Structures are given as C-alpha cells and as structure tokens.
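target29.tsv follows; it contains TSV, C-alpha atoms and all ligand atoms.
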chain	number	residue	atom	x	y	z
A	861	MET	CA	73.89	109.90	112.13
A	862	TYR	CA	77.68	110.02	111.80
A	863	LYS	CA	79.28	113.08	110.24
A	864	ILE	CA	82.29	112.80	107.91
A	865	ILE	CA	84.79	115.34	109.18
A	866	LYS	CA	87.57	114.65	106.66
A	867	LYS	CA	87.84	112.70	103.44
A	868	ARG	CA	90.96	111.95	101.42
A	869	LEU	CA	91.86	109.81	98.39
A	870	LEU	CA	94.86	107.61	99.32
A	871	ALA	CA	95.18	105.84	95.96
A	872	PRO	CA	92.88	105.31	92.97
A	873	SER	CA	89.60	103.96	94.50
A	874	VAL	CA	90.96	103.92	98.06
A	875	GLN	CA	89.34	106.47	100.36
A	876	LEU	CA	90.11	107.52	103.92
A	877	MET	CA	87.34	109.01	106.06
A	878	GLU	CA	87.52	110.50	109.53
A	879	VAL	CA	84.08	110.16	111.05
A	880	SER	CA	82.67	111.60	114.25
A	881	ALA	CA	81.73	108.60	116.41
A	882	PRO	CA	82.74	109.49	120.01
A	883	GLU	CA	81.30	106.38	121.72
A	884	ILE	CA	83.15	104.07	119.30
A	885	ALA	CA	86.38	106.10	119.48
A	886	LYS	CA	86.35	105.77	123.28
A	887	ARG	CA	86.31	101.95	123.22
A	888	ALA	CA	88.02	100.92	119.94
A	889	LYS	CA	91.04	98.60	120.15
A	890	ALA	CA	93.44	97.23	117.52
A	891	GLY	CA	91.86	94.52	115.37
A	892	GLN	CA	88.25	95.67	115.82
A	893	PHE	CA	85.84	96.78	113.15
A	894	VAL	CA	82.57	98.62	112.60
A	895	VAL	CA	79.51	97.72	110.54
A	896	VAL	CA	78.43	100.60	108.34
A	897	ARG	CA	75.05	101.25	106.67
A	898	VAL	CA	75.22	104.27	104.38
A	899	ASN	CA	71.48	104.96	104.07
A	900	GLU	CA	68.07	103.43	104.85
A	901	LYS	CA	68.11	101.11	101.83
A	902	GLY	CA	71.80	100.28	102.20
A	903	GLU	CA	73.33	96.88	103.05
A	904	ARG	CA	75.61	96.53	106.04
A	905	ILE	CA	79.34	96.17	105.41
A	906	PRO	CA	82.20	95.60	107.87
A	907	LEU	CA	85.20	97.97	107.84
A	908	THR	CA	88.21	97.91	110.14
A	909	ILE	CA	88.77	100.79	112.55
A	910	ALA	CA	92.08	101.99	111.08
A	911	ASP	CA	92.53	104.60	113.82
A	912	SER	CA	90.59	106.16	116.68
A	913	ASP	CA	91.06	109.18	118.89
A	914	PRO	CA	88.99	109.33	122.09
A	915	GLY	CA	89.99	113.01	122.52
A	916	SER	CA	88.46	114.26	119.27
A	917	GLY	CA	85.84	111.47	119.10
A	918	LEU	CA	86.97	110.56	115.57
A	919	ILE	CA	87.42	107.14	114.03
A	920	THR	CA	89.19	106.51	110.72
A	921	ILE	CA	87.92	104.07	108.12
A	922	ILE	CA	89.81	103.28	104.92
A	923	PHE	CA	88.07	101.40	102.15
A	924	GLN	CA	88.56	100.24	98.63
A	925	GLU	CA	85.67	100.91	96.26
A	926	ILE	CA	85.10	97.45	94.81
A	927	GLY	CA	81.34	97.00	94.68
A	928	LYS	CA	78.04	98.76	95.16
A	929	THR	CA	78.22	99.68	98.84
A	930	THR	CA	81.85	100.78	98.97
A	931	GLN	CA	81.22	102.89	95.83
A	932	LEU	CA	78.10	104.37	97.44
A	933	LEU	CA	80.09	105.17	100.60
A	934	GLY	CA	82.68	106.85	98.38
A	935	THR	CA	80.03	109.29	97.14
A	936	VAL	CA	79.33	110.65	100.65
A	937	LYS	CA	81.07	114.00	100.95
A	938	GLU	CA	82.95	115.75	103.74
A	939	GLY	CA	80.35	117.39	106.02
A	940	GLU	CA	77.63	114.86	105.06
A	941	GLU	CA	76.47	111.97	107.25
A	942	ILE	CA	76.39	108.17	107.25
A	943	LEU	CA	73.18	106.65	108.65
A	944	ASP	CA	74.52	103.89	110.96
A	945	ILE	CA	77.87	102.85	112.32
A	946	VAL	CA	77.86	100.01	114.84
A	947	GLY	CA	80.95	99.12	116.86
A	948	PRO	CA	83.53	98.49	117.98
A	949	LEU	CA	82.88	94.86	117.01
A	950	GLY	CA	85.00	91.71	117.09
A	951	MET	CA	87.68	90.57	119.49
A	952	PRO	CA	90.64	92.95	119.85
A	953	THR	CA	94.06	91.68	118.76
A	954	HIS	CA	95.84	89.72	121.50
A	955	ILE	CA	98.85	91.94	122.15
A	956	GLU	CA	101.86	90.71	124.13
A	957	ASN	CA	105.61	91.14	124.18
A	958	ILE	CA	106.92	88.18	122.19
A	959	GLY	CA	110.11	89.63	120.74
A	960	THR	CA	109.90	90.01	116.98
A	961	VAL	CA	106.57	90.34	115.18
A	962	VAL	CA	106.30	90.40	111.38
A	963	THR	CA	103.18	92.15	110.07
A	964	VAL	CA	102.29	91.36	106.47
A	965	ALA	CA	99.65	93.27	104.50
A	966	GLY	CA	98.58	93.61	100.90
A	967	GLY	CA	96.39	96.22	99.20
A	968	VAL	CA	93.89	97.91	101.48
A	969	GLY	CA	95.01	95.45	104.19
A	970	VAL	CA	97.83	97.94	104.95
A	971	ALA	CA	95.21	100.25	106.49
A	972	GLU	CA	93.95	97.37	108.60
A	973	ILE	CA	97.37	96.31	109.86
A	974	ILE	CA	98.57	99.73	111.05
A	975	PRO	CA	96.70	99.68	114.40
A	976	VAL	CA	98.03	96.15	114.96
A	977	ALA	CA	101.67	97.10	114.19
A	978	LYS	CA	101.28	100.17	116.43
A	979	ALA	CA	99.96	98.09	119.36
A	980	PHE	CA	102.71	95.43	119.07
A	981	LYS	CA	105.35	98.18	118.93
A	982	LYS	CA	103.85	99.89	121.99
A	983	ALA	CA	104.07	96.55	123.86
A	984	GLY	CA	107.86	96.55	123.32
A	985	ASN	CA	108.20	94.21	120.33
A	986	ARG	CA	110.53	94.62	117.39
A	987	VAL	CA	108.06	95.05	114.53
A	988	ILE	CA	108.94	94.27	110.92
A	989	GLY	CA	106.40	95.43	108.34
A	990	ILE	CA	105.96	93.91	104.89
A	991	ILE	CA	103.51	95.80	102.71
A	992	GLY	CA	102.57	95.46	99.07
A	993	ALA	CA	100.31	96.45	96.22
A	994	ARG	CA	99.87	95.69	92.55
A	995	SER	CA	101.83	98.82	91.60
A	996	ARG	CA	103.42	101.93	93.15
A	997	GLU	CA	100.34	104.13	92.68
A	998	LEU	CA	98.20	101.62	94.59
A	999	LEU	CA	100.53	101.38	97.58
A	1000	ILE	CA	99.09	103.15	100.62
A	1001	LEU	CA	100.33	104.42	103.99
A	1002	GLU	CA	104.03	103.54	103.68
A	1003	GLU	CA	105.09	106.55	105.80
A	1004	GLU	CA	102.47	105.74	108.47
A	1005	MET	CA	103.72	102.14	108.58
A	1006	LYS	CA	107.32	103.34	109.03
A	1007	LYS	CA	106.26	105.27	112.15
A	1008	HIS	CA	105.23	102.04	113.89
A	1009	CYS	CA	107.77	99.52	112.57
A	1010	ASP	CA	111.50	99.04	113.04
A	1011	ASN	CA	111.87	98.03	109.38
A	1012	VAL	CA	109.46	98.22	106.47
A	1013	PHE	CA	109.86	96.17	103.27
A	1014	VAL	CA	107.80	96.97	100.18
A	1015	ALA	CA	106.82	94.71	97.28
A	1016	THR	CA	104.88	95.54	94.14
A	1017	ASP	CA	103.59	92.91	91.71
A	1018	ASP	CA	104.92	94.85	88.70
A	1019	GLY	CA	108.20	95.94	90.31
A	1020	SER	CA	107.36	99.66	89.95
A	1021	TYR	CA	108.47	100.20	93.57
A	1022	GLY	CA	110.33	98.12	96.16
A	1023	GLN	CA	110.97	94.44	95.48
A	1024	LYS	CA	109.24	92.97	92.42
A	1025	GLY	CA	106.81	90.27	93.48
A	1026	PHE	CA	104.43	89.51	96.31
A	1027	VAL	CA	104.62	90.25	100.02
A	1028	SER	CA	104.90	86.51	100.53
A	1029	ASP	CA	108.16	86.52	98.47
A	1030	VAL	CA	109.62	89.11	100.88
A	1031	LEU	CA	108.44	87.01	103.83
A	1032	SER	CA	110.01	83.92	102.30
A	1033	ASP	CA	113.39	85.72	102.01
A	1034	LEU	CA	113.11	86.88	105.62
A	1035	LEU	CA	112.29	83.37	106.85
A	1036	SER	CA	115.32	81.96	105.02
A	1037	LYS	CA	117.55	84.27	107.12
A	1038	GLN	CA	116.60	82.24	110.20
A	1039	ILE	CA	115.91	85.25	112.41
A	1040	ASN	CA	113.99	84.52	115.55
A	1041	ILE	CA	110.36	85.45	114.79
A	1042	GLY	CA	107.77	85.09	117.55
A	1043	LEU	CA	104.68	85.84	115.47
A	1044	VAL	CA	103.59	86.56	111.91
A	1045	TYR	CA	100.37	88.54	111.53
A	1046	ALA	CA	98.76	88.85	108.07
A	1047	ILE	CA	95.83	90.79	106.60
A	1048	GLY	CA	94.86	91.01	102.95
A	1049	PRO	CA	93.32	89.03	100.12
A	1050	VAL	CA	92.59	85.40	101.00
A	1051	PRO	CA	95.13	83.92	98.51
A	1052	MET	CA	97.86	86.06	100.10
A	1053	MET	CA	96.97	85.05	103.68
A	1054	ARG	CA	96.83	81.43	102.59
A	1055	VAL	CA	100.33	81.51	101.06
A	1056	VAL	CA	101.70	83.26	104.16
A	1057	SER	CA	100.10	80.56	106.29
A	1058	GLU	CA	101.72	77.75	104.23
A	1059	LEU	CA	105.14	79.42	104.43
A	1060	THR	CA	105.10	79.90	108.19
A	1061	ARG	CA	103.70	76.41	108.78
A	1062	GLN	CA	106.88	75.01	107.20
A	1063	HIS	CA	108.96	77.06	109.67
A	1064	GLY	CA	106.73	76.34	112.67
A	1065	ILE	CA	106.04	80.04	113.31
A	1066	LYS	CA	102.81	81.02	115.04
A	1067	THR	CA	100.65	82.97	112.58
A	1068	VAL	CA	97.49	85.00	113.02
A	1069	VAL	CA	95.27	86.12	110.14
A	1070	SER	CA	92.37	88.57	110.15
A	1071	LEU	CA	89.63	86.88	108.11
A	1072	ASN	CA	87.20	88.74	105.85
A	1073	PRO	CA	84.14	86.54	105.31
A	1074	ILE	CA	80.83	88.10	104.32
A	1075	MET	CA	79.22	89.69	107.37
A	1076	VAL	CA	75.72	91.04	107.84
A	1077	ASP	CA	74.82	91.90	111.44
A	1078	GLY	CA	78.32	91.60	112.90
A	1079	THR	CA	76.95	90.42	116.26
A	1080	GLY	CA	76.80	86.62	115.97
A	1081	MET	CA	73.09	86.39	115.07
A	1082	CYS	CA	72.89	85.69	111.30
A	1083	GLY	CA	75.62	83.10	110.71
A	1084	ALA	CA	76.79	84.76	107.46
A	1085	CYS	CA	80.41	84.99	108.64
A	1086	ARG	CA	80.69	81.26	109.50
A	1087	VAL	CA	84.24	79.91	109.12
A	1088	SER	CA	85.76	76.56	110.09
A	1089	VAL	CA	88.80	76.74	112.34
A	1090	GLU	CA	90.41	73.57	113.72
A	1091	GLY	CA	87.33	71.68	112.49
A	1092	ARG	CA	84.97	73.82	114.58
A	1093	THR	CA	82.42	76.34	113.31
A	1094	ARG	CA	83.26	79.85	114.44
A	1095	PHE	CA	81.62	83.18	113.73
A	1096	ALA	CA	84.29	85.62	112.56
A	1097	CYS	CA	82.34	88.65	113.82
A	1098	VAL	CA	82.30	87.59	117.46
A	1099	ASP	CA	84.94	84.82	117.78
A	1100	GLY	CA	87.34	86.66	115.40
A	1101	PRO	CA	88.06	88.16	112.97
A	1102	GLU	CA	91.53	86.93	113.99
A	1103	PHE	CA	92.32	83.23	114.01
A	1104	ASN	CA	95.29	80.86	114.01
A	1105	ALA	CA	96.16	80.75	110.29
A	1106	HIS	CA	97.29	77.13	110.44
A	1107	GLN	CA	93.85	75.99	111.61
A	1108	VAL	CA	91.67	77.82	109.06
A	1109	ASP	CA	89.72	75.86	106.42
A	1110	TRP	CA	90.81	78.05	103.48
A	1111	ASN	CA	88.87	76.12	100.80
A	1112	GLU	CA	85.60	76.71	102.62
A	1113	LEU	CA	86.36	80.43	103.11
A	1114	VAL	CA	87.13	80.88	99.39
A	1115	SER	CA	83.95	79.12	98.38
A	1116	ARG	CA	81.73	81.06	100.85
A	1117	LEU	CA	83.20	84.41	99.71
A	1118	SER	CA	82.04	83.76	96.17
A	1119	LEU	CA	78.47	82.69	97.13
A	1120	PHE	CA	76.91	85.95	95.94
A	1121	LYS	CA	79.29	86.89	93.09
A	1122	LYS	CA	76.46	86.99	90.50
A	1123	GLU	CA	74.21	89.19	92.64
A	1124	GLU	CA	77.15	91.48	93.58
A	1125	LYS	CA	77.99	91.98	89.90
A	1126	VAL	CA	74.40	92.84	88.98
A	1127	SER	CA	74.08	95.22	91.94
A	1128	THR	CA	77.37	97.02	91.08
A	1129	GLU	CA	76.36	97.37	87.41
A	1130	ARG	CA	72.95	98.79	88.41
A	1131	PHE	CA	74.59	101.27	90.76
A	1132	ARG	CA	77.04	102.43	88.06
A	1133	GLU	CA	74.16	102.81	85.61
A	1134	GLU	CA	72.19	104.92	88.14
A	1135	CYS	CA	75.27	107.14	88.68
A	1136	ARG	CA	75.69	107.57	84.91
A	1137	CYS	CA	71.97	108.53	84.55
A	1138	LYS	CA	72.23	111.11	87.37
A	1139	LYS	CA	75.34	112.68	85.79
A	1140	GLY	CA	74.06	112.64	82.24
B	1201	LIG	C1	86.14	92.24	109.60
B	1201	LIG	C2	86.26	92.85	108.22
B	1201	LIG	C3	86.94	94.04	108.08
B	1201	LIG	C4	87.05	94.64	106.82
B	1201	LIG	N1	87.73	95.80	106.73
B	1201	LIG	C5	87.85	96.41	105.53
B	1201	LIG	C6	88.53	97.66	105.43
B	1201	LIG	O1	89.01	98.23	106.42
B	1201	LIG	N2	88.62	98.22	104.19
B	1201	LIG	C7	88.07	97.63	103.08
B	1201	LIG	O2	88.19	98.20	101.98
B	1201	LIG	N3	87.42	96.46	103.15
B	1201	LIG	C8	87.28	95.83	104.35
B	1201	LIG	N4	86.58	94.64	104.43
B	1201	LIG	C9	85.93	94.12	103.22
B	1201	LIG	C10	84.64	94.90	102.93
B	1201	LIG	O3	83.70	94.66	103.94
B	1201	LIG	C11	84.08	94.51	101.56
B	1201	LIG	O4	84.99	94.98	100.57
B	1201	LIG	C12	82.73	95.14	101.29
B	1201	LIG	O5	81.75	94.58	102.09
B	1201	LIG	C13	82.36	95.01	99.81
B	1201	LIG	O6	81.04	95.48	99.61
B	1201	LIG	P1	80.59	96.05	98.21
B	1201	LIG	O7	79.10	96.14	98.19
B	1201	LIG	O8	81.31	97.31	97.90
B	1201	LIG	O9	81.13	95.00	97.17
B	1201	LIG	P2	80.41	93.68	96.60
B	1201	LIG	O10	80.44	93.73	95.11
B	1201	LIG	O11	79.12	93.43	97.30
B	1201	LIG	O12	81.41	92.59	97.07
B	1201	LIG	C14	82.75	92.48	96.65
B	1201	LIG	C15	83.42	91.41	97.50
B	1201	LIG	O13	83.49	91.89	98.86
B	1201	LIG	C16	83.12	90.85	99.79
B	1201	LIG	N5	81.89	91.27	100.50
B	1201	LIG	C17	80.71	91.63	99.97
B	1201	LIG	N6	79.81	91.95	100.91
B	1201	LIG	C18	80.43	91.79	102.09
B	1201	LIG	C19	80.04	91.93	103.45
B	1201	LIG	N7	78.81	92.32	103.81
B	1201	LIG	N8	80.96	91.62	104.40
B	1201	LIG	C20	82.22	91.27	104.07
B	1201	LIG	N9	82.64	91.12	102.81
B	1201	LIG	C21	81.77	91.36	101.83
B	1201	LIG	C22	82.91	89.60	98.96
B	1201	LIG	O14	84.12	88.88	98.89
B	1201	LIG	C23	82.59	90.11	97.60
B	1201	LIG	O15	82.89	89.21	96.58
B	1201	LIG	C24	86.46	94.01	105.68
B	1201	LIG	C25	85.79	92.79	105.81
B	1201	LIG	C26	85.69	92.21	107.06
B	1201	LIG	C27	84.96	90.91	107.24
B	1202	LIG	S1	77.95	88.57	110.67
B	1202	LIG	FE1	76.17	87.59	111.36
B	1202	LIG	S2	76.91	86.03	112.67
B	1202	LIG	FE2	78.68	87.14	112.07

Let me see the file written as structure tokens.
Ligand SMILES: Cc1cc2nc3c(=O)[nH]c(=O)nc-3n(C[C@H](O)[C@H](O)[C@H](O)COP(=O)(O)OP(=O)(O)OC[C@H]3O[C@@H](n4cnc5c(N)ncnc54)[C@H](O)[C@@H]3O)c2cc1C
Ligand code: FES
Amino acid sequence: MYKIIKKRLLAPSVQLMEVSAPEIAKRAKAGQFVVVRVNEKGERIPLTIADSDPGSGLITIIFQEIGKTTQLLGTVKEGEEILDIVGPLGMPTHIENIGTVVTVAGGVGVAEIIPVAKAFKKAGNRVIGIIGARSRELLILEEEMKKHCDNVFVATDDGSYGQKGFVSDVLSDLLSKQINIGLVYAIGPVPMMRVVSELTRQHGIKTVVSLNPIMVDGTGMCGACRVSVEGRTRFACVDGPEFNAHQVDWNELVSRLSLFKKEEKVSTERFREECRCKKG
C-alpha cells in the first residue's frame, strides 16, 4: 500500500500527489514512469514520475482526470492509500551535454517534462522551455519550469496568457531565428508531438518524443503499448517511452489510442453515475 502524503489541485481536473514509495524514489530517473492500480478491481494506468526524493522516500505524480481511473484516483484523499504502484519503469531519458535543448510541453505534459528539463540543465545545457495550455487557468507549473530553464515561453490557445496559439507556433518562431539547437524534446497530446516532429524534420534537428500508447502491465509482456518506430515494432514500456520523433509511425499510434474509445466512454459514464448515486 502507498500512502498519499500530500494532495493539491494544480488546475481544474489536474491533481498533484506526493506518495510514499521509498524504493521507487531511490531509483527513479528522468523520463521514467510508474504503473498505478488504485484498488483491487482497478485497471492499471501509467503515470510519469514528475519528481522523486530519495531522502523523504516520496514520489510525485501529476495527472489529469480524463476518464474512469484518473477520476477514481482523484477521489483518494490525503492520508489514504493506493493499492499498487510499480516502478520505476521505462528507459530513463538519455541525458548529455549537447548545447541548447528546447523542451516543448502541452497540457499535463508540462508535469512530465520538468524532470527532463531539470536533468538537461544539470548536465550543463542551455534549456529553453515552451509550455502551453488551452487557457491561462489550465496552465500548470510555470514557476517550476522557470527554475530549470534559461528561458520559458508560454502559449495559450485562446490567448488568455502568453502568446496566442499553440506551443508549436512558438517553436516555429524560434526555429526561424536560426539559433543553434542540439535537441528538441516534446511531450504532450499526439497531434502536438506530431506537428513538432514535422517542424523539426524540416530543419534537420534531432527530436525526441515521449509516447503515450495504452499500457497495461508496463513490463513488456502484454504487447498493448506496441508502436512502430523506423518500421520496427517496439514496446513503449520497455524500449521507450522515448523515441526518435522522425521515425515514429504516427498514424498507427493515433489509431491504436482510439481502439477502446467506446468502452472508455461507457466506463467513465458508469463511474460518474455511481459517484452521483453515492452523493445523492
Ligand atoms: C508512459 C506514460 C506516462 C503517462 N504519464 C501521465 C502523467 O504523468 N499524467 C497524466 O495525466 N497522464 C499520463 N499518461 C496518460 C494516462 O496514463 C492516461 O490518461 C490514463 O491511463 C487514462 O485513464 P482513464 O481511465 O482515466 O481514462 P480513459 O477514459 O480510460 O482513457 C482516456 C484516454 O487515455 C488513454 N488511456 C486509457 N487507458 C490507458 C492506459 N492504460 N495507458 C495509457 N493510456 C491510456 C487513451 O488515449 C484513452 O483514449 C501517461 C501515459 C503513458 C503511456
Ligand atoms: S504495456 Fe504491456 S508490453 Fe508494454
């Protein structure tokens, strides 16, 4: 059992939890994730380790409540426990000193990119952060991002804060300035990572993306997280989740992500109905 020590709402439907998991905190590296099962009947979902502290034995997870399991996780209170947390899983981010690294993140992806930005900065790189959200109230962790980046640019879809538009628009402006960029690293919704990948391909800039296919066991056994990279089948949970963006088969990823849309909708509606019944 894994006790929730702290819980905080970062934005509407985006929760941060600090959880006691000393063995995971000891070994976690940037880019890795955990697989969480809230209770005995619960499904397993992957969540990035947004932070870890071997001293206190705490790991931080940040999640957006979009469906049944993330909403169920959101109901667990400070002081209560989560049944299973397995990790750290996945390959850590390959960190090296390459000069200038641009980290691009949208939505809850900002939580996932912070450990990566922090690690690249620690390795001596100049780190430029580009973060975005649909609107100002949905933007998370700007101050935290500023701690680990030399510059941070913000974009909101509706223009309520920062530049109006998408993070990819900010990246496009930056690329047109012809600065010497060694690596672009992107995490967020698939359409965003795909656009970033197309932009950097045109400029010949190495780009890494952290993919988010459906995962079940997270240990390479079930095949649920299968993705095609450079024409080869890879399992994102053990071979990734990070891959060369220019080699990813994006069409296949999009289609596999929507395989269970109908079931997910039914399951979320049932969960909401159960919550309403309990309250009323
Ligand atoms: C390596 C990795 C790290 C992730 N890190 C984070 C994070 O730090 N914060 C965060 O908010 N989200 C993260 N995600 C996405 C998160 O796992 C999904 O949002 C979550 O599983 C949705 O479950 P649900 O039951 O709430 O929603 P559902 O209604 O079941 O699904 C909503 C959508 O989420 C995706 N999804 C559903 N089940 C899974 C699953 N088992 N594995 C992966 N994706 C799924 C599908 O695209 C689906 O359409 C990560 C995904 C991966 C692969
Ligand atoms: S999640 Fe099962 S093989 Fe990757």

- Task: Residues within 7 Å of ligand LIG 1201 (chain B), counting all atoms listed in the file: report them as a ChimeraX atom specification.
- Result: /A:893,904-910,921-931,968-969,971-972,1071-1076,1097,1101,1117-1118,1120-1121,1124-1125,1128

- Message: When you look at region 1083-1096 of chain A with a cut-off of 9 Å (counting all atoms listed in the file), what residues show up, excluding the ones that are within fewer than 6 positions of it in the same chain? I need them as an MDAnalysis selection string.
- Response: chainID A and resid 950 1070:1077 1102:1110 1112:1113 1116

- Interatomic distance, CA of Ile864 (chain A) to CA of Leu998 (chain A) (Å, one decimal): 23.6 Å

- Task: Considering only C-alpha atoms, return as a list in words whatever protein or nucleic-acid residues lie within 8 Å of Val946 (chain A), sequence-local ones (same chain, fewer than 5 positions apart) excluded.
- Result: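 In the requested form, the answer reads Val894, Val895 and Val896 of chain A.
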
- Query: Of the candidates A:Ser1020, A:Gln892, A:Thr1079, A:Gln875, which shows the shortest atom-to-atom distance to ligand LIG 1202 (chain B), using all atoms listed in the file?
  - Reply: A:Thr1079

- Task: Have a look at CA of Asp913 (chain A) and CA of Pro975 (chain A) and let me know their distance in Å, one decimal.
- Result: 11.9 Å

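Residues within 12 Å of Ala979 (chain A), counting all atoms listed in the file and excluding same-chain residues fewer than 5 positions away, are Lys889, Ala890, Gly891, Asp911, Pro952, Thr953, His954, Ile955, Glu956, Asn957, Val961, Thr963, Ile973, Ile974, Gly984, Asn985, Arg986, Val987, Lys1007, His1008 and Cys1009 of chain A.
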
- Among the residues A:Val1056, A:Ala885, A:Ile988, A:Ala965, the one that comes closest to Thr1016 (chain A) [using all atoms listed in the file]: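 Ranking A:Val1056, A:Ala885, A:Ile988, A:Ala965 by distance to Thr1016 (chain A), first place goes to A:Ala965.
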
- Item | Contacts of Val962 (chain A) within 8 Å, all atoms listed in the file, excl. fewer than 2 positions in-chain, as a list in words | Thr960, Val964, Val987, Ile988, Gly989, Ile990, Ile1041, Leu1043, Val1044 and Tyr1045 of chain A

Written record: region 1001-1028 of chain A, N, CA and C atoms, as a PDB file, in the first residue's frame:
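Wrote out.pdb, looks like this:
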ATOM      1  N   LEU A1001       2.447  24.739 -13.520  1.00  0.00           N
ATOM      2  CA  LEU A1001       3.873  24.635 -13.179  1.00  0.00           C
ATOM      3  C   LEU A1001       4.801  25.592 -13.931  1.00  0.00           C
ATOM      4  N   GLU A1002       4.311  26.781 -14.259  1.00  0.00           N
ATOM      5  CA  GLU A1002       5.174  27.744 -14.961  1.00  0.00           C
ATOM      6  C   GLU A1002       6.387  28.125 -14.093  1.00  0.00           C
ATOM      7  N   GLU A1003       6.136  28.397 -12.804  1.00  0.00           N
ATOM      8  CA  GLU A1003       7.235  28.816 -11.916  1.00  0.00           C
ATOM      9  C   GLU A1003       8.270  27.701 -11.765  1.00  0.00           C
ATOM     10  N   GLU A1004       7.787  26.452 -11.642  1.00  0.00           N
ATOM     11  CA  GLU A1004       8.677  25.297 -11.507  1.00  0.00           C
ATOM     12  C   GLU A1004       9.537  25.165 -12.770  1.00  0.00           C
ATOM     13  N   MET A1005       8.922  25.381 -13.919  1.00  0.00           N
ATOM     14  CA  MET A1005       9.638  25.277 -15.197  1.00  0.00           C
ATOM     15  C   MET A1005      10.733  26.351 -15.267  1.00  0.00           C
ATOM     16  N   LYS A1006      10.411  27.549 -14.774  1.00  0.00           N
ATOM     17  CA  LYS A1006      11.391  28.654 -14.825  1.00  0.00           C
ATOM     18  C   LYS A1006      12.643  28.334 -14.008  1.00  0.00           C
ATOM     19  N   LYS A1007      12.459  27.520 -12.945  1.00  0.00           N
ATOM     20  CA  LYS A1007      13.611  27.162 -12.097  1.00  0.00           C
ATOM     21  C   LYS A1007      14.638  26.332 -12.868  1.00  0.00           C
ATOM     22  N   HIS A1008      14.183  25.596 -13.890  1.00  0.00           N
ATOM     23  CA  HIS A1008      15.081  24.657 -14.556  1.00  0.00           C
ATOM     24  C   HIS A1008      15.423  25.053 -15.992  1.00  0.00           C
ATOM     25  N   CYS A1009      14.908  26.199 -16.444  1.00  0.00           N
ATOM     26  CA  CYS A1009      15.159  26.618 -17.827  1.00  0.00           C
ATOM     27  C   CYS A1009      15.811  27.994 -17.850  1.00  0.00           C
ATOM     28  N   ASP A1010      16.574  28.266 -18.905  1.00  0.00           N
ATOM     29  CA  ASP A1010      17.153  29.595 -19.072  1.00  0.00           C
ATOM     30  C   ASP A1010      16.094  30.576 -19.557  1.00  0.00           C
ATOM     31  N   ASN A1011      15.199  30.117 -20.411  1.00  0.00           N
ATOM     32  CA  ASN A1011      14.069  30.943 -20.869  1.00  0.00           C
ATOM     33  C   ASN A1011      12.832  30.058 -20.927  1.00  0.00           C
ATOM     34  N   VAL A1012      11.689  30.673 -20.590  1.00  0.00           N
ATOM     35  CA  VAL A1012      10.430  29.926 -20.727  1.00  0.00           C
ATOM     36  C   VAL A1012       9.455  30.760 -21.562  1.00  0.00           C
ATOM     37  N   PHE A1013       8.906  30.167 -22.607  1.00  0.00           N
ATOM     38  CA  PHE A1013       7.885  30.822 -23.427  1.00  0.00           C
ATOM     39  C   PHE A1013       6.554  30.121 -23.183  1.00  0.00           C
ATOM     40  N   VAL A1014       5.483  30.937 -23.096  1.00  0.00           N
ATOM     41  CA  VAL A1014       4.165  30.368 -22.820  1.00  0.00           C
ATOM     42  C   VAL A1014       3.215  30.652 -23.985  1.00  0.00           C
ATOM     43  N   ALA A1015       2.393  29.657 -24.317  1.00  0.00           N
ATOM     44  CA  ALA A1015       1.349  29.871 -25.332  1.00  0.00           C
ATOM     45  C   ALA A1015       0.022  29.358 -24.791  1.00  0.00           C
ATOM     46  N   THR A1016      -1.039  30.088 -25.048  1.00  0.00           N
ATOM     47  CA  THR A1016      -2.378  29.552 -24.732  1.00  0.00           C
ATOM     48  C   THR A1016      -3.216  29.613 -26.011  1.00  0.00           C
ATOM     49  N   ASP A1017      -4.054  28.578 -26.190  1.00  0.00           N
ATOM     50  CA  ASP A1017      -4.855  28.502 -27.424  1.00  0.00           C
ATOM     51  C   ASP A1017      -5.722  29.747 -27.584  1.00  0.00           C
ATOM     52  N   ASP A1018      -6.299  30.228 -26.444  1.00  0.00           N
ATOM     53  CA  ASP A1018      -7.239  31.346 -26.528  1.00  0.00           C
ATOM     54  C   ASP A1018      -6.577  32.716 -26.313  1.00  0.00           C
ATOM     55  N   GLY A1019      -5.263  32.716 -26.104  1.00  0.00           N
ATOM     56  CA  GLY A1019      -4.548  33.991 -25.936  1.00  0.00           C
ATOM     57  C   GLY A1019      -4.760  34.639 -24.579  1.00  0.00           C
ATOM     58  N   SER A1020      -5.322  33.886 -23.592  1.00  0.00           N
ATOM     59  CA  SER A1020      -5.576  34.491 -22.278  1.00  0.00           C
ATOM     60  C   SER A1020      -4.289  34.712 -21.487  1.00  0.00           C
ATOM     61  N   TYR A1021      -3.187  34.125 -21.947  1.00  0.00           N
ATOM     62  CA  TYR A1021      -1.889  34.330 -21.282  1.00  0.00           C
ATOM     63  C   TYR A1021      -0.787  33.964 -22.275  1.00  0.00           C
ATOM     64  N   GLY A1022       0.315  34.699 -22.244  1.00  0.00           N
ATOM     65  CA  GLY A1022       1.419  34.400 -23.165  1.00  0.00           C
ATOM     66  C   GLY A1022       1.014  34.633 -24.605  1.00  0.00           C
ATOM     67  N   GLN A1023       1.720  33.955 -25.516  1.00  0.00           N
ATOM     68  CA  GLN A1023       1.423  34.111 -26.945  1.00  0.00           C
ATOM     69  C   GLN A1023       0.147  33.349 -27.303  1.00  0.00           C
ATOM     70  N   LYS A1024      -0.704  33.950 -28.137  1.00  0.00           N
ATOM     71  CA  LYS A1024      -1.923  33.247 -28.569  1.00  0.00           C
ATOM     72  C   LYS A1024      -1.539  32.195 -29.620  1.00  0.00           C
ATOM     73  N   GLY A1025      -1.973  30.972 -29.373  1.00  0.00           N
ATOM     74  CA  GLY A1025      -1.685  29.909 -30.336  1.00  0.00           C
ATOM     75  C   GLY A1025      -1.165  28.668 -29.651  1.00  0.00           C
ATOM     76  N   PHE A1026      -0.493  27.836 -30.428  1.00  0.00           N
ATOM     77  CA  PHE A1026      -0.005  26.557 -29.902  1.00  0.00           C
ATOM     78  C   PHE A1026       1.481  26.623 -29.590  1.00  0.00           C
ATOM     79  N   VAL A1027       1.945  25.660 -28.768  1.00  0.00           N
ATOM     80  CA  VAL A1027       3.377  25.606 -28.469  1.00  0.00           C
ATOM     81  C   VAL A1027       4.189  25.428 -29.750  1.00  0.00           C
ATOM     82  N   SER A1028       3.591  24.751 -30.728  1.00  0.00           N
ATOM     83  CA  SER A1028       4.311  24.543 -31.987  1.00  0.00           C
ATOM     84  C   SER A1028       4.502  25.864 -32.745  1.00  0.00           C
TER      85      SER A1028
END
